[in-house]
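One structure below.
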Amino acid sequence: MTRYYTEEHEWIDVADGTATVGVTDYAQGQLGDVVFVELPDAGREVTAGAEAAVVESVKAASEVYAPVSGLVVEANQALADDPSLVNSDPEGAGWFFRLNLADASELASLMDAAAYQAYVATL
Amino acid sequence: MANDLPGDLQLLPLDALHQALGGRMVPFAGYAMPVQYPMGVMAEHLWTRAQAGLFDVSHMGQLTLAGDGAAEWLESIAPGDFKALQPGRMRYSLLLADDGGILDDLMVTFTGDHFYLVVNGATKHDDIAHMRARLPAGLTLSHMEGAALLALQGPAAVDVMRRLGVVPELPDIPAIDAMKFMSAGPYCWGAVRLGISRSGYTGEDGYEISLDAGDAAAFARALLADAAVKPIGLGARDSLRLEAGLPLYGHDLTPAIEPVEAGLSFAISKRRKAEGGFPGAARILGALLDGPARRRVGLKPEGRQPVREGALIFAGDQQVGVVTSGGFAPSVGGPVAMGYVAAPYAGDGTALAIEVRGKRLAATVVPMPFHAKNYVR
């Protein structure tokens, strides 16, 4: 399994053509206390760079963009009951949704962990 | 991130302290202001409800109005009974346009010698221009540009101020813990002079403290040295006032809104209701008599999803209103909002729907505040 990152602070784990998507620890720090997450329903087609989810903090709503295109197969129901998982375990139990990759070549434009850490260090 | 701000922002007198405390600075009312500290909005909100929060509100406009006839003139621009305001007492009021629209909301204190006004930061320059254009000879309006304004809010605020040794400057004013809600007076902390009122914008007991900008850092650090006090940013200031049902100028109040529909009839003093004589009196007194066409109401969305400013409110297929403030209320444990709805839908318990990103969420009209106020009367 390989983990990729985007400049919009999402992470993507890819295994057997299925990608799990979430936001990074840096992202959750910027978002603040997450109180609600609107997730895409299974069966929805999402397009790389287009809005796929919305994260609500106490103060504001922030859009989360699909890092790659594909068909959503599962949303993390645990976030409905406990959205604070995004803060407490953003790169684990706080995952957002899984999708079947439409075009694996889109992964080539994403960062690996080392590149993402270097990117965050510039912010 | 901390310095990633437009270059033309003014800095608060406590800017260095906010930076040292890890404040995340954002542009607000032309100033670089802390929206939150490392503790985060949720924890800052809950801390203020449980202990005491220190807010820097030095962006707000502090004005003095002096001269013979000051009370009568104030009554020509705002609907309060300022002639009856006793020394050391303060009143919430509204700066009204000629058509009765709300130009700003403000606090008016009578010191016994002159009036002290606190207006919103984003509107202060317009307010001053509005007042100067109408100011008669013999009255002096001064902008206290060298003054800072701090707020200490929460149930522990009274003990913090007592522990710090804040004492009356004059023998005939009450000790800091004996001050009544909506009263004000001169106090001191050592050689530092403080103009203090027992008031605030959180729904909690607490104080608002005006002092020379040069003294503000030392006084703020002394407050923060008390274990009951944490610095609180604009994010929690907004969620606290929303839970308290208090409107925010520029969002819940605008020049297109008159006081009665805003639910602020209490700011029109009894004598003024009888006599009129304030801007827009005919329209405002008409709304009092006939009832306004729309009303500011509290809204409780079902579930956990917040609704935000600008969301449309529906009764069936008909749009009947719009949300003017909304968010997650930490002390309620769920979303709350306020907005304007057509009068037939403004009754408590009315079932409505609020549209968020194309979906309709069920919501109910509820009385405000959402969280019970904790004032010392």
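Ligands are numbered from 1 in the order shown, chains are lettered A, B, ... in the order of the structure tokens, and residues start at 1 in each chain.
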
Do you have, as CSV, the list of residues of chain A lying at most 7 Å from chain B, each with its nearest atom pair and that distance in Å to one decimal, counting only C-alpha atoms and ordered by chain then number?
```
residue,atom,partner,partner_atom,distance
A:Gly32,CA,B:Gly40,CA,6.4
A:Asp33,CA,B:Met42,CA,6.4
A:Phe36,CA,B:Gln305,CA,5.7
A:Val58,CA,B:Phe328,CA,4.8
A:Lys59,CA,B:Gly327,CA,6.1
```

Q: Write out as a ChimeraX atom specification each polymer residue whose atoms come within 10 Å of B:Gly100, counting only C-alpha atoms; drop sequence neighbours fewer than 4 positions from it.
A: /B:77-79,94-96,255-260,278-285

Residue selection dump (C-alpha atoms) as a PDB file, in the first residue's frame:
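Output contents, as saved in out-v3.pdb:
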```pdb
ATOM      1  CA  ILE B  77     -29.446  60.162  16.991  1.00  0.00           C
ATOM      2  CA  ALA B  78     -30.373  57.171  19.179  1.00  0.00           C
ATOM      3  CA  PRO B  79     -33.633  56.033  20.850  1.00  0.00           C
ATOM      4  CA  LEU B  94     -28.660  51.968  18.456  1.00  0.00           C
ATOM      5  CA  LEU B  95     -27.337  54.588  16.081  1.00  0.00           C
ATOM      6  CA  LEU B  96     -30.213  55.115  13.662  1.00  0.00           C
ATOM      7  CA  PRO B 255     -28.949  49.649   7.737  1.00  0.00           C
ATOM      8  CA  ALA B 256     -31.747  47.686   6.030  1.00  0.00           C
ATOM      9  CA  ILE B 257     -33.095  46.496   9.398  1.00  0.00           C
ATOM     10  CA  GLU B 258     -35.004  48.558  11.972  1.00  0.00           C
ATOM     11  CA  PRO B 259     -34.920  47.862  15.718  1.00  0.00           C
ATOM     12  CA  VAL B 260     -38.348  46.274  16.150  1.00  0.00           C
ATOM     13  CA  PHE B 278     -35.494  59.875  17.179  1.00  0.00           C
ATOM     14  CA  PRO B 279     -34.529  59.086  13.571  1.00  0.00           C
ATOM     15  CA  GLY B 280     -37.095  56.911  11.828  1.00  0.00           C
ATOM     16  CA  ALA B 281     -39.538  57.269  14.732  1.00  0.00           C
ATOM     17  CA  ALA B 282     -42.627  57.074  12.527  1.00  0.00           C
ATOM     18  CA  ARG B 283     -41.521  53.788  10.934  1.00  0.00           C
ATOM     19  CA  ILE B 284     -40.230  52.286  14.173  1.00  0.00           C
ATOM     20  CA  LEU B 285     -43.264  53.249  16.269  1.00  0.00           C
TER      21      LEU B 285
END
```

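Closest approach to A:Val55 among A:Gly22, A:Ser69, A:Asp41, A:Glu74: A:Gly22, based on only C-alpha atoms.
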
Q: Enter the distance from atom CA of B:Gln153 to atom CA of B:Leu224, in Å, rounded to one decimal.
A: 12.7 Å

Q.
If you run DSSP on the backbone here, which positions in stretch 132-207 of chain B get strand (DSSP E or B)? Please write them as a ChimeraX atom specification.
A. /B:140-143,147-153,167-168,183-189,192-197,204,206-207

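Minimum atom-to-atom distances from A:Gly92, A:Gly70, A:Pro83, A:Pro40 to A:Asp13 were compared using only C-alpha atoms, and the lowest value belongs to A:Gly92.
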
**Q.** Secondary structure check, alpha helix (DSSP H) residues of chain A, as a ChimeraX atom specification
**A.** /A:25-31,78-81,85-88,113-121

Q.
Please list as a PyMOL selection string every residue within 10 Å of B:Asp252, counting only C-alpha atoms and excluding residues in the same chain fewer than 2 positions away.
A. chain B and resi 246-250+254+257+262+296+309+323-325+338-340

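The space separating atom CA of B:Ala220 from atom CA of A:Gly29 comes to 26.7 Å.
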
Q | All residues 12 Å or closer to B:Leu223, only C-alpha atoms, same chain fewer than 4 positions away omitted, as a VMD selection string | A | chain B and resid 52 to 55 150 to 153 156 to 166 189 209 216 to 219 227 to 231

Atoms to include: N, CA and C atoms. Write the selected residues as a PDB file, in the first residue's frame.
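Writing done, so here's part_36.pdb:
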```pdb
ATOM      1  N   ALA B  52     -12.581  32.049  33.178  1.00  0.00           N
ATOM      2  CA  ALA B  52     -12.566  33.443  32.721  1.00  0.00           C
ATOM      3  C   ALA B  52     -11.723  33.536  31.455  1.00  0.00           C
ATOM      4  N   GLY B  53     -12.253  34.248  30.478  1.00  0.00           N
ATOM      5  CA  GLY B  53     -11.547  34.453  29.210  1.00  0.00           C
ATOM      6  C   GLY B  53     -11.186  35.916  29.055  1.00  0.00           C
ATOM      7  N   LEU B  54      -9.970  36.157  28.523  1.00  0.00           N
ATOM      8  CA  LEU B  54      -9.515  37.525  28.272  1.00  0.00           C
ATOM      9  C   LEU B  54      -9.583  37.800  26.775  1.00  0.00           C
ATOM     10  N   PHE B  55     -10.337  38.821  26.414  1.00  0.00           N
ATOM     11  CA  PHE B  55     -10.524  39.213  25.014  1.00  0.00           C
ATOM     12  C   PHE B  55      -9.900  40.587  24.802  1.00  0.00           C
ATOM     13  N   LEU B 150     -10.192  45.868  26.879  1.00  0.00           N
ATOM     14  CA  LEU B 150     -10.115  44.435  27.161  1.00  0.00           C
ATOM     15  C   LEU B 150     -11.435  43.981  27.755  1.00  0.00           C
ATOM     16  N   ALA B 151     -11.770  42.716  27.569  1.00  0.00           N
ATOM     17  CA  ALA B 151     -12.933  42.146  28.235  1.00  0.00           C
ATOM     18  C   ALA B 151     -12.482  40.899  28.983  1.00  0.00           C
ATOM     19  N   LEU B 152     -12.887  40.819  30.243  1.00  0.00           N
ATOM     20  CA  LEU B 152     -12.649  39.623  31.041  1.00  0.00           C
ATOM     21  C   LEU B 152     -14.019  39.025  31.331  1.00  0.00           C
ATOM     22  N   GLN B 153     -14.293  37.855  30.814  1.00  0.00           N
ATOM     23  CA  GLN B 153     -15.640  37.303  30.812  1.00  0.00           C
ATOM     24  C   GLN B 153     -15.650  35.883  31.384  1.00  0.00           C
ATOM     25  N   ALA B 156     -15.474  33.258  36.747  1.00  0.00           N
ATOM     26  CA  ALA B 156     -14.327  33.518  37.633  1.00  0.00           C
ATOM     27  C   ALA B 156     -13.822  34.947  37.521  1.00  0.00           C
ATOM     28  N   ALA B 157     -14.388  35.727  36.588  1.00  0.00           N
ATOM     29  CA  ALA B 157     -13.852  37.077  36.346  1.00  0.00           C
ATOM     30  C   ALA B 157     -13.851  37.922  37.621  1.00  0.00           C
ATOM     31  N   VAL B 158     -14.914  37.823  38.393  1.00  0.00           N
ATOM     32  CA  VAL B 158     -15.019  38.652  39.598  1.00  0.00           C
ATOM     33  C   VAL B 158     -13.908  38.323  40.581  1.00  0.00           C
ATOM     34  N   ASP B 159     -13.622  37.050  40.774  1.00  0.00           N
ATOM     35  CA  ASP B 159     -12.559  36.673  41.710  1.00  0.00           C
ATOM     36  C   ASP B 159     -11.182  37.050  41.173  1.00  0.00           C
ATOM     37  N   VAL B 160     -11.008  36.943  39.872  1.00  0.00           N
ATOM     38  CA  VAL B 160      -9.728  37.318  39.265  1.00  0.00           C
ATOM     39  C   VAL B 160      -9.446  38.798  39.506  1.00  0.00           C
ATOM     40  N   MET B 161     -10.441  39.642  39.276  1.00  0.00           N
ATOM     41  CA  MET B 161     -10.242  41.083  39.437  1.00  0.00           C
ATOM     42  C   MET B 161      -9.972  41.433  40.900  1.00  0.00           C
ATOM     43  N   ARG B 162     -10.635  40.751  41.797  1.00  0.00           N
ATOM     44  CA  ARG B 162     -10.410  41.000  43.220  1.00  0.00           C
ATOM     45  C   ARG B 162      -9.002  40.553  43.621  1.00  0.00           C
ATOM     46  N   ARG B 163      -8.617  39.346  43.154  1.00  0.00           N
ATOM     47  CA  ARG B 163      -7.282  38.838  43.486  1.00  0.00           C
ATOM     48  C   ARG B 163      -6.185  39.756  42.962  1.00  0.00           C
ATOM     49  N   LEU B 164      -6.438  40.365  41.801  1.00  0.00           N
ATOM     50  CA  LEU B 164      -5.433  41.221  41.183  1.00  0.00           C
ATOM     51  C   LEU B 164      -5.283  42.540  41.934  1.00  0.00           C
ATOM     52  N   GLY B 165      -6.253  42.862  42.774  1.00  0.00           N
ATOM     53  CA  GLY B 165      -6.160  44.113  43.525  1.00  0.00           C
ATOM     54  C   GLY B 165      -6.676  45.318  42.783  1.00  0.00           C
ATOM     55  N   VAL B 166      -7.697  45.104  41.933  1.00  0.00           N
ATOM     56  CA  VAL B 166      -8.347  46.228  41.257  1.00  0.00           C
ATOM     57  C   VAL B 166      -9.304  46.875  42.255  1.00  0.00           C
ATOM     58  N   TRP B 189      -5.458  49.824  39.194  1.00  0.00           N
ATOM     59  CA  TRP B 189      -4.592  48.668  39.503  1.00  0.00           C
ATOM     60  C   TRP B 189      -3.216  49.259  39.723  1.00  0.00           C
ATOM     61  N   ILE B 209     -12.888  46.633  30.201  1.00  0.00           N
ATOM     62  CA  ILE B 209     -11.876  47.454  30.869  1.00  0.00           C
ATOM     63  C   ILE B 209     -11.185  48.340  29.833  1.00  0.00           C
ATOM     64  N   ALA B 216      -1.686  48.477  28.626  1.00  0.00           N
ATOM     65  CA  ALA B 216      -2.516  47.300  28.355  1.00  0.00           C
ATOM     66  C   ALA B 216      -1.741  45.987  28.470  1.00  0.00           C
ATOM     67  N   ALA B 217      -0.493  45.969  27.974  1.00  0.00           N
ATOM     68  CA  ALA B 217       0.247  44.708  27.987  1.00  0.00           C
ATOM     69  C   ALA B 217       0.521  44.252  29.416  1.00  0.00           C
ATOM     70  N   ALA B 218       0.949  45.185  30.266  1.00  0.00           N
ATOM     71  CA  ALA B 218       1.250  44.803  31.652  1.00  0.00           C
ATOM     72  C   ALA B 218      -0.012  44.308  32.363  1.00  0.00           C
ATOM     73  N   PHE B 219      -1.131  44.991  32.127  1.00  0.00           N
ATOM     74  CA  PHE B 219      -2.368  44.575  32.790  1.00  0.00           C
ATOM     75  C   PHE B 219      -2.847  43.226  32.244  1.00  0.00           C
ATOM     76  N   ALA B 227      -4.378  31.634  37.137  1.00  0.00           N
ATOM     77  CA  ALA B 227      -4.632  30.323  36.521  1.00  0.00           C
ATOM     78  C   ALA B 227      -6.046  30.200  35.961  1.00  0.00           C
ATOM     79  N   ALA B 228      -6.957  31.069  36.388  1.00  0.00           N
ATOM     80  CA  ALA B 228      -8.339  30.985  35.893  1.00  0.00           C
ATOM     81  C   ALA B 228      -8.526  31.668  34.545  1.00  0.00           C
ATOM     82  N   VAL B 229      -7.492  32.375  34.062  1.00  0.00           N
ATOM     83  CA  VAL B 229      -7.647  33.201  32.865  1.00  0.00           C
ATOM     84  C   VAL B 229      -6.894  32.615  31.678  1.00  0.00           C
ATOM     85  N   LYS B 230      -7.572  32.511  30.534  1.00  0.00           N
ATOM     86  CA  LYS B 230      -6.927  32.126  29.268  1.00  0.00           C
ATOM     87  C   LYS B 230      -7.280  33.193  28.224  1.00  0.00           C
ATOM     88  N   PRO B 231      -6.374  33.399  27.261  1.00  0.00           N
ATOM     89  CA  PRO B 231      -6.702  34.324  26.168  1.00  0.00           C
ATOM     90  C   PRO B 231      -7.696  33.681  25.211  1.00  0.00           C
TER      91      PRO B 231
END
```

Q.
Residues near B:Arg237, anyone? I mean within 7 Å using only C-alpha atoms, not counting same-chain ones fewer than 4 positions away, as a PyMOL selection string.
A. chain B and resi 202+233+241

Q. If you count only C-alpha atoms, which residues fall within 7 Å of B:Gly61, apart from same-chain ones fewer than 2 positions away, as a VMD selection string?
A. chain B and resid 59 63 118 to 121 124

Q.
Taking 3 positions as the minimum chain separation for residues in the same chain, which residues sit within 7 Å of B:Ser269 when counting only C-alpha atoms? Answer as JSON, numbers by chain.
A. {"B": [79, 80, 81, 266, 272, 273]}
